[in-house]
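Data from run_38.pdb: PDB, C-alpha atoms
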ATOM      1  CA  MET A   1     143.784   1.394 -38.515
ATOM      2  CA  TYR A   2     144.070   2.944 -41.965
ATOM      3  CA  GLY A   3     147.756   3.648 -41.318
ATOM      4  CA  TRP A   4     148.246   0.000 -40.495
ATOM      5  CA  ILE A   5     146.606  -1.076 -43.763
ATOM      6  CA  TRP A   6     148.675   1.420 -45.714
ATOM      7  CA  ARG A   7     151.908   0.126 -44.179
ATOM      8  CA  HIS A   8     151.036  -3.477 -44.998
ATOM      9  CA  LEU A   9     150.143  -2.882 -48.648
ATOM     10  CA  PRO A  10     152.967  -3.853 -50.990
ATOM     11  CA  GLY A  11     154.680  -1.679 -53.585
ATOM     12  CA  ASN A  12     155.372   2.024 -53.808
ATOM     13  CA  ALA A  13     152.939   4.833 -53.079
ATOM     14  CA  TRP A  14     151.168   4.555 -56.453
ATOM     15  CA  VAL A  15     150.601   0.819 -56.126
ATOM     16  CA  LYS A  16     149.377   1.338 -52.582
ATOM     17  CA  ALA A  17     146.965   4.032 -53.686
ATOM     18  CA  LEU A  18     145.604   1.806 -56.440
ATOM     19  CA  LEU A  19     145.211  -1.129 -54.077
ATOM     20  CA  SER A  20     143.434   1.079 -51.536
ATOM     21  CA  LEU A  21     141.005   2.196 -54.206
ATOM     22  CA  VAL A  22     140.304  -1.403 -55.206
ATOM     23  CA  LEU A  23     139.812  -2.358 -51.551
ATOM     24  CA  ALA A  24     137.426   0.527 -50.961
ATOM     25  CA  LEU A  25     135.379  -0.383 -54.037
ATOM     26  CA  ALA A  26     135.247  -4.011 -52.920
ATOM     27  CA  VAL A  27     133.941  -2.942 -49.510
ATOM     28  CA  VAL A  28     131.252  -0.744 -51.102
ATOM     29  CA  TYR A  29     130.243  -3.623 -53.384
ATOM     30  CA  VAL A  30     129.885  -6.067 -50.497
ATOM     31  CA  LEU A  31     127.872  -3.491 -48.542
ATOM     32  CA  PHE A  32     125.443  -2.744 -51.396
ATOM     33  CA  GLN A  33     125.114  -6.337 -52.517
ATOM     34  CA  TYR A  34     124.872  -8.197 -49.236
ATOM     35  CA  VAL A  35     124.930  -6.097 -46.068
ATOM     36  CA  PHE A  36     122.437  -3.331 -46.908
ATOM     37  CA  PRO A  37     119.809  -5.623 -48.480
ATOM     38  CA  TRP A  38     119.901  -7.559 -45.241
ATOM     39  CA  ALA A  39     119.678  -4.473 -43.021
ATOM     40  CA  GLU A  40     117.091  -2.558 -45.031
ATOM     41  CA  PRO A  41     114.012  -4.686 -44.131
ATOM     42  CA  LEU A  42     114.717  -3.854 -40.487
ATOM     43  CA  LEU A  43     113.686  -0.270 -41.282
ATOM     44  CA  PRO A  44     109.993   0.672 -41.175
ATOM     45  CA  PHE A  45     109.557   1.448 -44.913
ATOM     46  CA  ASN A  46     108.695  -2.151 -45.728
ATOM     47  CA  ASP A  47     105.507  -2.322 -43.693
ATOM     48  CA  VAL A  48     102.866  -1.567 -46.275
ATOM     49  CA  THR A  49     100.332  -4.348 -45.648
ATOM     50  CA  VAL A  50      97.501  -4.525 -43.153
ATOM     51  CA  ASP A  51      97.898  -8.156 -42.162
ATOM     52  CA  GLY A  52     101.463  -7.900 -40.868
ATOM     53  CA  GLN A  53     102.989 -10.285 -43.411
TER      54      GLN A  53
ATOM     55  CA  MET B   1     149.734   2.494 -25.845
ATOM     56  CA  PRO B   2     150.346   6.180 -26.495
ATOM     57  CA  VAL B   3     147.372   8.511 -26.298
ATOM     58  CA  ARG B   4     148.035   9.606 -29.864
ATOM     59  CA  VAL B   5     147.309   6.104 -31.211
ATOM     60  CA  ILE B   6     144.091   5.826 -29.216
ATOM     61  CA  VAL B   7     142.824   9.209 -30.386
ATOM     62  CA  ARG B   8     143.740   8.435 -33.975
ATOM     63  CA  THR B   9     142.040   5.032 -33.947
ATOM     64  CA  PHE B  10     138.961   6.531 -32.361
ATOM     65  CA  SER B  11     138.689   9.266 -34.988
ATOM     66  CA  GLU B  12     139.201   6.735 -37.765
ATOM     67  CA  LEU B  13     136.373   4.655 -36.357
ATOM     68  CA  CYS B  14     134.093   7.695 -36.227
ATOM     69  CA  ILE B  15     134.860   8.528 -39.860
ATOM     70  CA  THR B  16     134.204   4.918 -40.850
ATOM     71  CA  VAL B  17     130.847   4.813 -39.101
ATOM     72  CA  GLY B  18     129.886   8.162 -40.644
ATOM     73  CA  THR B  19     130.784   6.923 -44.121
ATOM     74  CA  LEU B  20     128.777   3.739 -43.519
ATOM     75  CA  ILE B  21     125.713   5.743 -42.552
ATOM     76  CA  VAL B  22     125.989   7.994 -45.596
ATOM     77  CA  LEU B  23     126.395   4.954 -47.859
ATOM     78  CA  PHE B  24     123.354   3.304 -46.284
ATOM     79  CA  VAL B  25     121.246   6.408 -46.848
ATOM     80  CA  VAL B  26     122.366   6.464 -50.482
ATOM     81  CA  TYR B  27     121.404   2.797 -50.734
ATOM     82  CA  VAL B  28     117.941   3.255 -49.229
ATOM     83  CA  LEU B  29     117.002   6.492 -50.987
ATOM     84  CA  PHE B  30     118.618   5.951 -54.347
ATOM     85  CA  TRP B  31     119.877   2.463 -55.017
ATOM     86  CA  THR B  32     116.709   0.567 -53.984
ATOM     87  CA  GLY B  33     114.860   2.765 -56.498
ATOM     88  CA  VAL B  34     117.295   1.988 -59.301
ATOM     89  CA  ARG B  35     116.987  -1.701 -58.556
ATOM     90  CA  ALA B  36     113.199  -1.637 -58.212
ATOM     91  CA  ASP B  37     112.758   0.259 -61.491
ATOM     92  CA  ARG B  38     114.869  -2.337 -63.236
ATOM     93  CA  ALA B  39     113.005  -5.220 -61.571
ATOM     94  CA  MET B  40     109.583  -3.731 -62.373
ATOM     95  CA  ASP B  41     110.511  -3.194 -66.017
ATOM     96  CA  ARG B  42     111.634  -6.803 -66.181
ATOM     97  CA  GLN B  43     108.325  -8.006 -64.688
ATOM     98  CA  ILE B  44     106.333  -5.968 -67.209
ATOM     99  CA  ASP B  45     108.484  -7.353 -70.031
ATOM    100  CA  ARG B  46     107.798 -10.868 -68.786
ATOM    101  CA  LEU B  47     104.074 -10.199 -68.750
ATOM    102  CA  GLN B  48     104.076  -8.712 -72.225
ATOM    103  CA  ASP B  49     106.094 -11.624 -73.593
ATOM    104  CA  ARG B  50     103.647 -14.061 -72.041
ATOM    105  CA  TRP B  51     100.621 -12.156 -73.361
ATOM    106  CA  ALA B  52     102.117 -11.878 -76.832
ATOM    107  CA  GLU B  53     102.759 -15.624 -76.860
ATOM    108  CA  GLN B  54      99.231 -16.371 -75.736
ATOM    109  CA  SER B  55      97.567 -14.091 -78.240
ATOM    110  CA  LEU B  56      99.701 -15.667 -80.963
ATOM    111  CA  GLY B  57      98.381 -19.023 -79.790
ATOM    112  CA  ALA B  58      94.845 -17.680 -79.762
ATOM    113  CA  ASP B  59      95.108 -16.247 -83.259
ATOM    114  CA  GLY B  60      96.818 -19.320 -84.636
ATOM    115  CA  LYS B  61      95.132 -22.405 -85.844
ATOM    116  CA  GLY B  62      93.632 -25.333 -83.984
ATOM    117  CA  ASP B  63      93.980 -25.075 -80.199
ATOM    118  CA  GLY B  64      93.511 -21.325 -80.243
ATOM    119  CA  ASP B  65      90.917 -21.034 -77.532
ATOM    120  CA  ALA B  66      92.639 -23.153 -74.939
ATOM    121  CA  PRO B  67      95.433 -20.752 -73.923
ATOM    122  CA  LEU B  68      93.024 -17.850 -73.956
ATOM    123  CA  LEU B  69      90.840 -19.556 -71.385
ATOM    124  CA  ALA B  70      93.824 -20.789 -69.431
ATOM    125  CA  ARG B  71      95.107 -17.242 -69.239
ATOM    126  CA  ASN B  72      92.063 -15.996 -67.411
ATOM    127  CA  ASP B  73      91.507 -18.991 -65.167
ATOM    128  CA  ALA B  74      95.019 -20.041 -64.269
ATOM    129  CA  PRO B  75      95.666 -19.548 -60.549
ATOM    130  CA  TYR B  76      98.101 -16.752 -59.747
ATOM    131  CA  LYS B  77     101.533 -18.127 -58.971
ATOM    132  CA  ASP B  78     103.181 -16.758 -55.841
ATOM    133  CA  GLY B  79     105.739 -14.086 -56.707
ATOM    134  CA  ASP B  80     104.755 -13.994 -60.380
ATOM    135  CA  PRO B  81     103.299 -10.966 -62.189
ATOM    136  CA  PHE B  82      99.793 -11.264 -63.590
ATOM    137  CA  ALA B  83      98.602  -7.716 -64.292
ATOM    138  CA  VAL B  84      99.746  -4.154 -64.903
ATOM    139  CA  MET B  85      98.255  -1.245 -62.994
ATOM    140  CA  TYR B  86      97.838   2.307 -64.312
ATOM    141  CA  VAL B  87      96.863   5.242 -62.123
ATOM    142  CA  PRO B  88      96.585   8.471 -64.145
ATOM    143  CA  ARG B  89      96.609  10.501 -60.908
ATOM    144  CA  PHE B  90     100.176   9.291 -60.227
ATOM    145  CA  GLY B  91     101.294  10.433 -63.654
ATOM    146  CA  PHE B  92     100.450   9.582 -67.220
ATOM    147  CA  THR B  93     103.429   7.245 -67.577
ATOM    148  CA  TRP B  94     102.928   5.593 -64.180
ATOM    149  CA  ASN B  95     102.471   1.859 -64.591
ATOM    150  CA  LYS B  96     103.524  -0.959 -62.294
ATOM    151  CA  PRO B  97     103.352  -4.732 -62.414
ATOM    152  CA  VAL B  98     101.093  -6.502 -59.909
ATOM    153  CA  LEU B  99     102.584  -9.669 -58.441
ATOM    154  CA  GLN B 100     100.969 -12.418 -56.445
ATOM    155  CA  GLY B 101     101.637 -12.216 -52.689
ATOM    156  CA  THR B 102     102.845  -9.520 -50.315
ATOM    157  CA  ALA B 103     106.194 -10.988 -49.249
ATOM    158  CA  THR B 104     109.059  -8.524 -48.767
ATOM    159  CA  GLY B 105     110.905  -9.868 -51.788
ATOM    160  CA  THR B 106     107.803  -9.654 -53.970
ATOM    161  CA  LEU B 107     107.139  -6.015 -53.041
ATOM    162  CA  LYS B 108     110.636  -5.122 -54.249
ATOM    163  CA  LYS B 109     109.627  -6.124 -57.776
ATOM    164  CA  GLY B 110     106.216  -4.500 -57.996
ATOM    165  CA  LEU B 111     102.896  -4.152 -56.248
ATOM    166  CA  GLY B 112     101.687  -7.154 -54.255
ATOM    167  CA  HIS B 113      98.271  -8.786 -54.410
ATOM    168  CA  TYR B 114      97.026 -10.069 -51.040
ATOM    169  CA  ALA B 115      96.850 -13.785 -51.758
ATOM    170  CA  ARG B 116      93.640 -14.390 -49.804
ATOM    171  CA  THR B 117      91.635 -11.671 -51.541
ATOM    172  CA  ALA B 118      89.588 -11.852 -54.754
ATOM    173  CA  ARG B 119      91.070 -12.147 -58.222
ATOM    174  CA  LEU B 120      91.233  -9.159 -60.528
ATOM    175  CA  GLY B 121      87.773  -8.096 -61.670
ATOM    176  CA  GLN B 122      85.987 -10.811 -59.708
ATOM    177  CA  LYS B 123      83.292 -10.431 -57.034
ATOM    178  CA  GLY B 124      84.877  -9.550 -53.714
ATOM    179  CA  ASN B 125      87.843  -7.379 -52.914
ATOM    180  CA  PHE B 126      90.964  -7.296 -55.052
ATOM    181  CA  ALA B 127      93.526  -5.918 -52.563
ATOM    182  CA  VAL B 128      96.977  -4.650 -53.496
ATOM    183  CA  ALA B 129      99.848  -3.347 -51.349
ATOM    184  CA  GLY B 130     102.728  -1.165 -52.482
ATOM    185  CA  HIS B 131     105.720   0.766 -51.179
ATOM    186  CA  ARG B 132     105.172   4.435 -50.545
ATOM    187  CA  ARG B 133     108.858   5.208 -50.106
ATOM    188  CA  THR B 134     111.994   3.353 -51.211
ATOM    189  CA  HIS B 135     112.014   0.577 -53.803
ATOM    190  CA  GLY B 136     110.922   2.918 -56.567
ATOM    191  CA  ASP B 137     108.373   4.885 -54.475
ATOM    192  CA  PRO B 138     105.409   3.382 -56.392
ATOM    193  CA  PHE B 139     102.729   4.788 -54.066
ATOM    194  CA  LYS B 140     104.473   8.070 -53.261
ATOM    195  CA  ASP B 141     101.473  10.207 -54.285
ATOM    196  CA  PHE B 142      98.929   7.979 -52.526
ATOM    197  CA  PRO B 143      97.355  10.851 -50.497
ATOM    198  CA  GLU B 144      96.586  12.687 -53.764
ATOM    199  CA  LEU B 145      93.939  10.109 -54.710
ATOM    200  CA  ARG B 146      90.464  11.661 -54.914
ATOM    201  CA  PRO B 147      86.958  10.318 -55.495
ATOM    202  CA  GLY B 148      86.424   9.634 -59.185
ATOM    203  CA  ASP B 149      90.104   8.886 -59.907
ATOM    204  CA  ALA B 150      90.618   5.889 -62.160
ATOM    205  CA  VAL B 151      92.698   2.844 -61.258
ATOM    206  CA  VAL B 152      93.080   0.830 -64.448
ATOM    207  CA  LEU B 153      94.388  -2.729 -64.632
ATOM    208  CA  THR B 154      94.902  -5.188 -67.419
ATOM    209  CA  ASP B 155      95.516  -8.926 -67.303
ATOM    210  CA  GLY B 156      96.340  -9.168 -70.985
ATOM    211  CA  THR B 157      92.801  -9.896 -72.146
ATOM    212  CA  THR B 158      90.671  -7.291 -70.394
ATOM    213  CA  TRP B 159      90.948  -3.718 -69.196
ATOM    214  CA  PHE B 160      89.402  -3.147 -65.765
ATOM    215  CA  THR B 161      88.618   0.436 -64.784
ATOM    216  CA  TYR B 162      88.032   0.973 -61.081
ATOM    217  CA  ARG B 163      86.934   4.310 -59.624
ATOM    218  CA  ILE B 164      88.075   5.622 -56.253
ATOM    219  CA  ASP B 165      85.084   6.398 -54.048
ATOM    220  CA  ARG B 166      86.543   8.360 -51.164
ATOM    221  CA  GLU B 167      89.700  10.038 -50.001
ATOM    222  CA  PRO B 168      92.426   7.781 -48.560
ATOM    223  CA  TYR B 169      91.529   6.396 -45.172
ATOM    224  CA  ARG B 170      94.065   6.204 -42.347
ATOM    225  CA  THR B 171      94.034   3.132 -40.137
ATOM    226  CA  LEU B 172      96.139   0.917 -37.884
ATOM    227  CA  PRO B 173      98.414  -1.863 -39.191
ATOM    228  CA  GLY B 174      96.285  -4.624 -37.677
ATOM    229  CA  ASP B 175      93.036  -3.494 -39.261
ATOM    230  CA  THR B 176      92.562  -6.408 -41.680
ATOM    231  CA  GLY B 177      88.859  -5.542 -42.074
ATOM    232  CA  VAL B 178      89.804  -3.020 -44.747
ATOM    233  CA  ILE B 179      90.595  -5.835 -47.190
ATOM    234  CA  ASP B 180      87.448  -7.855 -46.390
ATOM    235  CA  PRO B 181      85.226  -8.775 -49.381
ATOM    236  CA  VAL B 182      82.993  -5.864 -48.341
ATOM    237  CA  PRO B 183      85.651  -3.647 -46.811
ATOM    238  CA  ARG B 184      84.847  -2.301 -43.365
ATOM    239  CA  LYS B 185      84.706   1.513 -43.016
ATOM    240  CA  SER B 186      84.640   1.908 -46.811
ATOM    241  CA  GLY B 187      80.980   2.910 -46.953
ATOM    242  CA  TYR B 188      80.181  -0.041 -49.222
ATOM    243  CA  ARG B 189      77.236  -2.069 -47.977
ATOM    244  CA  GLU B 190      76.538  -4.652 -50.665
ATOM    245  CA  PRO B 191      78.868  -7.300 -52.031
ATOM    246  CA  GLY B 192      80.486  -6.058 -55.222
ATOM    247  CA  ARG B 193      83.669  -5.936 -57.265
ATOM    248  CA  TYR B 194      85.976  -3.785 -55.175
ATOM    249  CA  LEU B 195      89.629  -2.820 -55.183
ATOM    250  CA  THR B 196      91.690  -1.879 -52.128
ATOM    251  CA  LEU B 197      95.116  -0.261 -52.182
ATOM    252  CA  THR B 198      97.258  -0.176 -49.038
ATOM    253  CA  THR B 199     100.538   1.544 -48.225
ATOM    254  CA  CYS B 200     102.367   2.870 -45.183
ATOM    255  CA  GLU B 201     101.555   6.038 -43.273
ATOM    256  CA  PRO B 202     103.263   8.319 -42.414
ATOM    257  CA  GLU B 203     105.449   8.507 -45.481
ATOM    258  CA  TRP B 204     108.622   7.336 -43.764
ATOM    259  CA  GLY B 205     107.043   5.480 -40.868
ATOM    260  CA  HIS B 206     105.056   2.392 -40.100
ATOM    261  CA  SER B 207     102.712   3.368 -37.292
ATOM    262  CA  HIS B 208      99.670   3.495 -39.592
ATOM    263  CA  ARG B 209      98.427   2.406 -43.007
ATOM    264  CA  LEU B 210      96.762   4.412 -45.739
ATOM    265  CA  ILE B 211      93.885   2.739 -47.569
ATOM    266  CA  ALA B 212      92.064   3.613 -50.791
ATOM    267  CA  TRP B 213      88.914   1.875 -52.018
ATOM    268  CA  ALA B 214      87.536   1.685 -55.512
ATOM    269  CA  ARG B 215      84.654  -0.017 -57.240
ATOM    270  CA  LEU B 216      84.718  -1.680 -60.668
ATOM    271  CA  ASP B 217      83.277   0.838 -63.100
ATOM    272  CA  ALA B 218      83.870  -0.640 -66.555
ATOM    273  CA  THR B 219      85.614  -3.467 -68.378
ATOM    274  CA  GLN B 220      86.521  -3.867 -72.010
ATOM    275  CA  PRO B 221      88.541  -6.371 -74.018
ATOM    276  CA  VAL B 222      92.091  -5.321 -74.895
ATOM    277  CA  GLU B 223      91.177  -5.549 -78.580
ATOM    278  CA  ALA B 224      88.908  -2.525 -78.031
ATOM    279  CA  GLY B 225      91.936  -0.377 -77.214
ATOM    280  CA  LYS B 226      92.831   1.566 -74.093
ATOM    281  CA  PRO B 227      89.967   2.599 -71.829
ATOM    282  CA  GLY B 228      88.927   6.234 -71.729
ATOM    283  CA  ALA B 229      90.688   6.891 -68.431
ATOM    284  CA  LEU B 230      94.084   6.279 -70.064
ATOM    285  CA  ARG B 231      93.484   8.408 -73.138
ATOM    286  CA  ARG B 232      94.738  11.946 -73.144
TER     287      ARG B 232
END
For this file, produce the structure as C-alpha cells.
Amino acid sequence: MYGWIWRHLPGNAWVKALLSLVLALAVVYVLFQYVFPWAEPLLPFNDVTVDGQ
Amino acid sequence: MPVRVIVRTFSELCITVGTLIVLFVVYVLFWTGVRADRAMDRQIDRLQDRWAEQSLGADGKGDGDAPLLARNDAPYKDGDPFAVMYVPRFGFTWNKPVLQGTATGTLKKGLGHYARTARLGQKGNFAVAGHRRTHGDPFKDFPELRPGDAVVLTDGTTWFTYRIDREPYRTLPGDTGVIDPVPRKSGYREPGRYLTLTTCEPEWGHSHRLIAWARLDATQPVEAGKPGALRR
C-alpha cells in the first residue's frame, strides 16, 4: 500500500519524501477537522444531561 | 499474489489502524480541550463586550434605562451565552460561560442551561449541565463539591451566590426529577431559588449522572464589586 504510493509519487527521493509529508499532514488535518468531530459524539463522554437530549 | 505482498499489506493496515487510534485518543484527550478553551474564552469575550455596551448605554444620556431592563428580561437565545459561572472549589481562576440549551454543539462551547428550567436567580430551579471529561473538562472536580461551597454566577448586572447543600448525588440518566422546580431527592421541601448542576458519572462513562444542588444565598449588583465568595 505505502510502497505503491511511494512508487507513484513523481520526482526523486527528496521530492517523494516531501510529498509524503504533505500527504500525511493533509490526512491528519481531514481527520481532526471532519472525521473525529463526527465520531467523537458516539463516545459516552457527551452524555452529561438527565433528560437524554 | 505472493504471500509476501499479502503479509506486507496486512501489516501496513495494522500500523495504519494503530496510528488512527492513537490520533483519535490525542484528539479526544487533548485537542477537544484546546478547542473548548478557545471557544469558551470567545463566549466570555462576547458576553463582556455585550455587557460593556449595555452599561455604556445605561450610563449614557436619554434612553439609559431601556437596555438595562432589556438585559435582565430578554429571553435567553438558544446557543447564546448569558452568564458566567465561578466555582472557587474548582480553582480560583475557574470560570466558564453558561449558554442556553444542552445540545451537543452548545456543550462544546461552555456549560448548558436546561431550556425548560428557571432563569438565573428566579424562583424555581436553574439547572446547568457540563462536561466532566473532554471538551475542556469543565466539571472534572465535580465530586469535590461539599456543603457550603459557593457557586457564583453573574449576568452582567447582578452577582448570584448559590451555596451547595449536600454532597454530589449519583443517579440514573433518566431521572429528570432532579431538575424539577423543587428537585426530587435534594432534601428541599419548599419552592425556592435553586441551582442544579449535572454531569456524567463515572468520569469516563455514561451509565449514571452526578448531581449537585444549591440554594440562592445572596445577590448583589455588579457595581458593589465581587461577592465575598470570590475574594481571596
Spatial neighbours of Phe92 of chain B, 12 Å, all atoms listed in the file, chain gap at least 2 places, as a ChimeraX atom specification: /B:85-90,94-95,150-152,229-232
Tell me, as a PyMOL selection string, which residues lie within 6 Å of segment 108-121 of chain B, counting only C-alpha atoms; anything in the same chain fewer than 3 positions away does not count. chain B and resi 36+39-40+97-102+105+124-130+135
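Every chain A residue lying within 9 Å of chain B, based on all atoms listed in the file, is listed here: Met1, Tyr2, Val28, Leu31, Phe32, Phe36, Pro37, Glu40, Pro41, Leu43, Pro44, Phe45, Asn46, Asp47, Val48, Thr49, Val50, Asp51, Gly52 and Gln53 of chain A.
Atom CA of Glu167 of chain B sits 8.3 Å away from atom CA of Glu144 of chain B.
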Would you mind reading off the distance between atom CA of Asp149 of chain B and atom CA of Arg38 of chain B, one decimal, in Å? 27.4 Å
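Applied to the file shown here, the PyMOL selection byres ((chain B and resi 221) around 12) selects the residues Leu153, Thr154, Asp155, Gly156, Thr157, Thr158, Trp159, Phe160, Thr161, Ala218, Thr219, Gln220, Val222, Glu223, Ala224, Gly225, Lys226 and Pro227 of chain B.
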Run the PyMOL selection byres ((chain B and resi 146) around 8) on the file and write out the hits as a PyMOL selection string. chain B and resi 144-145+147-149+164-168
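As for atom CA of Lys96 of chain B and atom CA of Val84 of chain B, they are spaced 5.6 Å apart.
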Could you tell me which of B:Gly228, B:Pro81, B:Gly91, B:Pro2 comes closest to Gln48 of chain B if we count only C-alpha atoms? B:Pro81
Apply the PyMOL selection byres ((chain A and resi 6) around 12) to the structure shown and report the selected residues as an NGL selection string. :A and (1-5 or 7-21 or 23)
